[in-house]
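This is upload.csv. It holds CSV, C-alpha atoms and all ligand atoms.
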chain,number,residue,atom,x,y,z
S,1,MET,CA,-50.0,64.6,-23.2
S,2,THR,CA,-47.7,67.6,-23.1
S,3,GLU,CA,-45.0,68.2,-25.7
S,4,ILE,CA,-41.7,69.1,-24.1
S,5,ARG,CA,-38.4,70.0,-25.6
S,6,MET,CA,-35.1,69.4,-23.9
S,7,LYS,CA,-31.5,69.4,-24.9
S,8,VAL,CA,-30.2,66.0,-23.9
S,9,ASN,CA,-26.5,65.3,-24.2
S,10,GLY,CA,-26.2,68.1,-26.8
S,11,ALA,CA,-29.1,67.1,-29.0
S,12,VAL,CA,-32.6,68.8,-29.0
S,13,GLU,CA,-35.3,66.2,-28.2
S,14,SER,CA,-39.0,66.7,-28.5
S,15,LEU,CA,-41.3,64.3,-26.8
S,16,ASP,CA,-44.9,63.9,-25.7
S,17,VAL,CA,-45.2,63.0,-22.0
S,18,GLU,CA,-48.0,62.5,-19.6
S,19,PRO,CA,-47.7,65.0,-16.7
S,20,TRP,CA,-46.9,62.3,-14.2
S,21,VAL,CA,-43.9,60.8,-16.1
S,22,SER,CA,-40.6,61.2,-14.3
S,23,LEU,CA,-37.6,62.6,-16.0
S,24,LEU,CA,-35.9,59.2,-15.3
S,25,ASP,CA,-38.6,57.3,-17.1
S,26,ALA,CA,-38.6,59.8,-20.0
S,27,LEU,CA,-34.8,59.4,-20.4
S,28,ARG,CA,-34.8,55.7,-20.1
S,29,GLU,CA,-38.0,54.6,-21.8
S,30,ARG,CA,-38.6,57.4,-24.3
S,31,LEU,CA,-35.1,58.3,-25.3
S,32,GLY,CA,-33.4,54.9,-24.6
S,33,LEU,CA,-30.8,56.5,-22.3
S,34,THR,CA,-30.3,53.6,-19.8
S,35,GLY,CA,-27.2,55.0,-18.1
S,36,PRO,CA,-29.2,56.6,-15.3
S,37,LYS,CA,-30.5,53.7,-13.2
S,38,LYS,CA,-33.7,53.1,-11.3
S,39,GLY,CA,-32.6,51.9,-7.9
S,40,CYS,CA,-35.2,53.0,-5.4
S,41,ASP,CA,-37.4,55.3,-7.5
S,42,GLN,CA,-37.9,57.5,-4.4
S,43,GLY,CA,-34.9,59.7,-4.0
S,44,ALA,CA,-32.9,57.5,-1.6
S,45,CYS,CA,-30.1,55.9,-3.6
S,46,GLY,CA,-28.8,58.4,-6.2
S,47,ALA,CA,-28.5,55.8,-9.0
S,48,CYS,CA,-30.6,58.0,-11.2
S,49,THR,CA,-28.5,61.1,-10.9
S,50,VAL,CA,-28.2,63.3,-14.0
S,51,LEU,CA,-27.2,66.9,-14.5
S,52,ALA,CA,-29.8,69.6,-15.2
S,53,ASP,CA,-28.0,72.7,-16.5
S,54,GLY,CA,-25.0,71.4,-14.7
S,55,VAL,CA,-26.7,70.8,-11.3
S,56,ARG,CA,-27.0,67.3,-10.1
S,57,ILE,CA,-30.6,66.0,-9.5
S,58,ASN,CA,-32.3,62.7,-8.8
S,59,ALA,CA,-34.2,62.1,-12.0
S,60,CYS,CA,-36.6,59.8,-10.3
S,61,LEU,CA,-38.0,62.7,-8.2
S,62,ALA,CA,-38.3,65.1,-11.2
S,63,LEU,CA,-41.2,65.3,-13.5
S,64,ALA,CA,-40.2,65.5,-17.1
S,65,VAL,CA,-42.6,68.4,-17.8
S,66,GLN,CA,-40.6,70.5,-15.2
S,67,TYR,CA,-37.6,70.2,-17.4
S,68,ASP,CA,-39.1,71.6,-20.6
S,69,GLY,CA,-36.5,73.9,-22.2
S,70,ARG,CA,-33.6,72.7,-19.9
S,71,GLU,CA,-30.3,71.0,-20.7
S,72,ILE,CA,-29.9,67.5,-19.4
S,73,THR,CA,-26.7,65.5,-19.3
S,74,THR,CA,-26.7,61.8,-18.6
S,75,ILE,CA,-23.6,59.6,-18.3
S,76,GLU,CA,-23.9,58.9,-22.0
S,77,GLY,CA,-23.0,62.6,-22.6
S,78,VAL,CA,-20.2,62.8,-20.1
S,79,ALA,CA,-16.5,63.0,-21.0
S,80,HIS,CA,-14.7,63.8,-17.8
S,81,PRO,CA,-11.5,62.7,-16.1
S,82,LEU,CA,-13.5,61.2,-13.3
S,83,GLN,CA,-14.4,58.3,-15.6
S,84,GLU,CA,-10.8,57.2,-16.0
S,85,ALA,CA,-10.2,57.9,-12.3
S,86,PHE,CA,-13.0,55.5,-11.3
S,87,VAL,CA,-11.2,52.8,-13.4
S,88,ARG,CA,-7.8,53.6,-11.9
S,89,HIS,CA,-9.1,53.4,-8.4
S,90,ASP,CA,-11.6,50.6,-8.7
S,91,GLY,CA,-14.4,52.9,-7.9
S,92,PHE,CA,-17.1,50.2,-8.6
S,93,GLN,CA,-17.8,46.6,-8.3
S,94,CYS,CA,-21.1,45.7,-10.0
S,95,GLY,CA,-21.3,49.1,-11.7
S,96,TYR,CA,-25.0,49.7,-11.1
S,97,CYS,CA,-24.5,52.9,-9.1
S,98,THR,CA,-21.5,54.2,-11.2
S,99,SER,CA,-23.3,56.4,-13.7
S,100,GLY,CA,-25.1,58.2,-10.8
S,101,GLN,CA,-21.9,58.4,-8.8
S,102,ILE,CA,-20.0,60.0,-11.6
S,103,CYS,CA,-22.7,62.5,-12.6
S,104,SER,CA,-23.1,63.3,-8.9
S,105,ALA,CA,-19.4,63.8,-8.4
S,106,ILE,CA,-19.3,66.2,-11.4
S,107,GLY,CA,-22.1,68.2,-9.9
S,108,MET,CA,-20.5,68.0,-6.5
S,109,LEU,CA,-17.1,69.4,-7.7
S,110,ALA,CA,-19.0,72.2,-9.4
S,111,GLU,CA,-20.8,73.0,-6.1
S,112,HIS,CA,-17.5,73.0,-4.3
S,113,THR,CA,-15.9,75.3,-6.9
S,114,ALA,CA,-18.8,77.7,-6.6
S,115,GLY,CA,-18.3,77.9,-2.9
S,116,MET,CA,-21.4,76.1,-1.8
S,117,PRO,CA,-20.7,74.8,1.7
S,118,SER,CA,-21.4,71.3,2.9
S,119,ALA,CA,-22.4,70.1,6.4
S,120,VAL,CA,-18.7,69.5,7.2
S,121,THR,CA,-17.1,72.4,5.3
S,122,GLU,CA,-14.6,74.2,7.6
S,123,PRO,CA,-14.6,77.9,7.4
S,124,GLY,CA,-11.9,79.2,5.1
S,125,ALA,CA,-11.0,75.7,3.9
S,126,GLY,CA,-10.4,75.9,0.1
S,127,GLU,CA,-9.4,72.4,-0.6
S,128,LEU,CA,-11.8,69.5,-0.7
S,129,SER,CA,-11.2,67.2,2.2
S,130,GLU,CA,-12.0,63.5,2.1
S,131,ALA,CA,-14.5,64.0,4.9
S,132,GLU,CA,-16.2,66.6,2.8
S,133,VAL,CA,-16.3,64.4,-0.3
S,134,ARG,CA,-17.9,61.6,1.8
S,135,GLU,CA,-20.5,64.0,3.1
S,136,ARG,CA,-21.2,65.7,-0.2
S,137,MET,CA,-21.6,62.2,-1.9
S,138,SER,CA,-23.7,60.7,0.9
S,139,GLY,CA,-26.8,60.7,-1.4
S,140,ASN,CA,-25.2,58.2,-3.7
S,141,LEU,CA,-25.3,54.6,-2.3
S,142,CYS,CA,-23.1,51.7,-3.4
S,143,ARG,CA,-24.5,48.4,-2.3
S,144,CYS,CA,-21.1,46.7,-3.1
S,145,GLY,CA,-19.4,49.1,-0.7
S,146,ALA,CA,-16.8,50.5,-3.1
S,147,TYR,CA,-16.8,53.7,-1.2
S,148,ASN,CA,-13.0,53.9,-0.7
S,149,GLY,CA,-12.3,53.6,-4.4
S,150,ILE,CA,-15.0,56.1,-5.2
S,151,VAL,CA,-13.6,58.7,-2.8
S,152,ASP,CA,-10.0,58.0,-3.9
S,153,ALA,CA,-11.1,58.6,-7.6
S,154,ILE,CA,-12.8,61.9,-6.7
S,155,MET,CA,-9.9,63.0,-4.5
S,156,ASP,CA,-7.5,62.2,-7.4
S,157,VAL,CA,-9.4,64.4,-9.8
S,158,ALA,CA,-10.1,67.2,-7.2
S,159,GLY,CA,-6.5,67.3,-6.1
H,201,LIG,FE1,-33.6,57.9,-7.9
H,201,LIG,FE2,-32.9,56.0,-6.2
H,201,LIG,S1,-33.7,55.8,-8.3
H,201,LIG,S2,-32.7,58.1,-6.0

Target format structure tokens, applied to this file:
Amino acid sequence: MTEIRMKVNGAVESLDVEPWVSLLDALRERLGLTGPKKGCDQGACGACTVLADGVRINACLALAVQYDGREITTIEGVAHPLQEAFVRHDGFQCGYCTSGQICSAIGMLAEHTAGMPSAVTEPGAGELSEAEVRERMSGNLCRCGAYNGIVDAIMDVAG
């Protein structure tokens, strides 16, 4: 067991974890934060997305011990206009992917603001295009296929 300390949604949490415990399992099973979902547990679906010091990560691929001393935000700690935009634009059906979609979109907007290019960023383009949103959000799957609503919600907030 290793003792780690993280700031999670604004509160300092200490927990003892085995070195193989994922950040996702630590959040869900040790801290009771079930907003981040376990879809694939192998980095393919994005349902587990959380923010680590403001950067989006797949919590299923991260070991909890790697995040000792870091600041983690899950959907439980988010208060962002995207949440209401997802409701306005029907950016979900079953909702399983939604917490990951929203955390990922927050990180994505920060990446865009910081000037981090995507695969479809056109040189000199300042505004986020729909194609760019779709590319930047391609790591977050929605099995219900609510992609149009998700993209509309993000474009609403980004615009
Ligand atoms: Fe982490 Fe699917 S559960 S990417």

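Every residue having at least one atom no farther than 6 Å from ligand LIG 201 (chain H) is included below, with all atoms listed in the file taken into account: Lys38, Gly39, Cys40, Asp41, Gln42, Gly43, Ala44, Cys45, Gly46, Ala47, Cys48, Asn58, Ala59 and Cys60 of chain S.
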
### Message
Report as a ChimeraX atom specification all protein, DNA and RNA residues lying within 12 Å of Ile150 (chain S), evaluated on all atoms listed in the file, omitting residues in the same chain fewer than 2 positions from it.
### Response
/S:82-93,95,97-102,104-105,130,133-134,137-138,140-142,144-148,152-157

### Which residue of S:His112, S:Cys103, S:Ala131, S:Val65 approaches Val21 (chain S) most closely, using all atoms listed in the file
S:Val65

#### Entry: Atom pair CA of Lys37 (chain S) / CA of Val120 (chain S): separation (Å)
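Between CA of Lys37 (chain S) and CA of Val120 (chain S) the gap works out to 28.4 Å.
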
### Query
With distances taken over all atoms listed in the file, which of S:Gly10, S:Gly115, S:Gly107, S:Gly32 is nearest to Arg56 (chain S)?
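Residue with the minimum atom-to-atom distance to Arg56 (chain S): S:Gly107.
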
### Task
Determine the nearest neighbour of Glu111 (chain S) from the options S:Met1, S:Val55, S:Leu24, S:Ile75, counting only C-alpha atoms.
S:Val55

### Query
Can you tell me, as a ChimeraX atom specification, what residues are no more than 12 Å from Ala11 (chain S) when counting only C-alpha atoms, ignoring any on the same chain fewer than 5 positions away?
/S:5-6,31,70-74,76-77

### Message
From the options S:Arg136, S:His80, S:Gly149, S:Ile106, which residue's atoms come nearest to Thr121 (chain S), counting all atoms listed in the file?
### Response
S:Arg136

Within 10 Å of region 16-20 of chain S, counting all atoms listed in the file, which residues show up once you throw out same-chain ones fewer than 6 positions away? Write them as a PDB file with C-alpha atoms, keeping the file's coordinate frame, please.
ATOM      1  CA  MET S   1     -50.000  64.600 -23.200  1.00  0.00           C
ATOM      2  CA  THR S   2     -47.700  67.600 -23.100  1.00  0.00           C
ATOM      3  CA  GLU S   3     -45.000  68.200 -25.700  1.00  0.00           C
ATOM      4  CA  ILE S   4     -41.700  69.100 -24.100  1.00  0.00           C
ATOM      5  CA  ARG S   5     -38.400  70.000 -25.600  1.00  0.00           C
ATOM      6  CA  ALA S  26     -38.600  59.800 -20.000  1.00  0.00           C
ATOM      7  CA  ARG S  30     -38.600  57.400 -24.300  1.00  0.00           C
ATOM      8  CA  ALA S  62     -38.300  65.100 -11.200  1.00  0.00           C
ATOM      9  CA  LEU S  63     -41.200  65.300 -13.500  1.00  0.00           C
ATOM     10  CA  ALA S  64     -40.200  65.500 -17.100  1.00  0.00           C
ATOM     11  CA  VAL S  65     -42.600  68.400 -17.800  1.00  0.00           C
ATOM     12  CA  GLN S  66     -40.600  70.500 -15.200  1.00  0.00           C
TER      13      GLN S  66
END

### Non-local contacts of Thr113 (chain S) (12 Å; only C-alpha atoms; under 6 positions in same chain excluded) as JSON, numbers by chain
{"S": [106, 107, 125, 126, 127, 128, 158]}

### Query
So what do you get for CA of Gly54 (chain S) versus CA of Cys94 (chain S), distance-wise?
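We find that CA of Gly54 (chain S) and CA of Cys94 (chain S) lie 26.4 Å from each other.
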
### Query
At what distance in Å, to one decimal, does CA of Met108 (chain S) lie from CA of Glu132 (chain S)?
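CA of Met108 (chain S) lies at a distance of 10.3 Å from CA of Glu132 (chain S).
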
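Distances from S:Val151, S:Ala119, S:Leu109, S:Val78 to Asn9 (chain S) were compared using only C-alpha atoms, and the smallest one belongs to S:Val78.
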
### Distance criterion (all atoms listed in the file): nearest to Val12 (chain S) out of S:Glu122, S:Asp68, S:Glu29, S:Glu135
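Residue with the minimum atom-to-atom distance to Val12 (chain S): S:Asp68.
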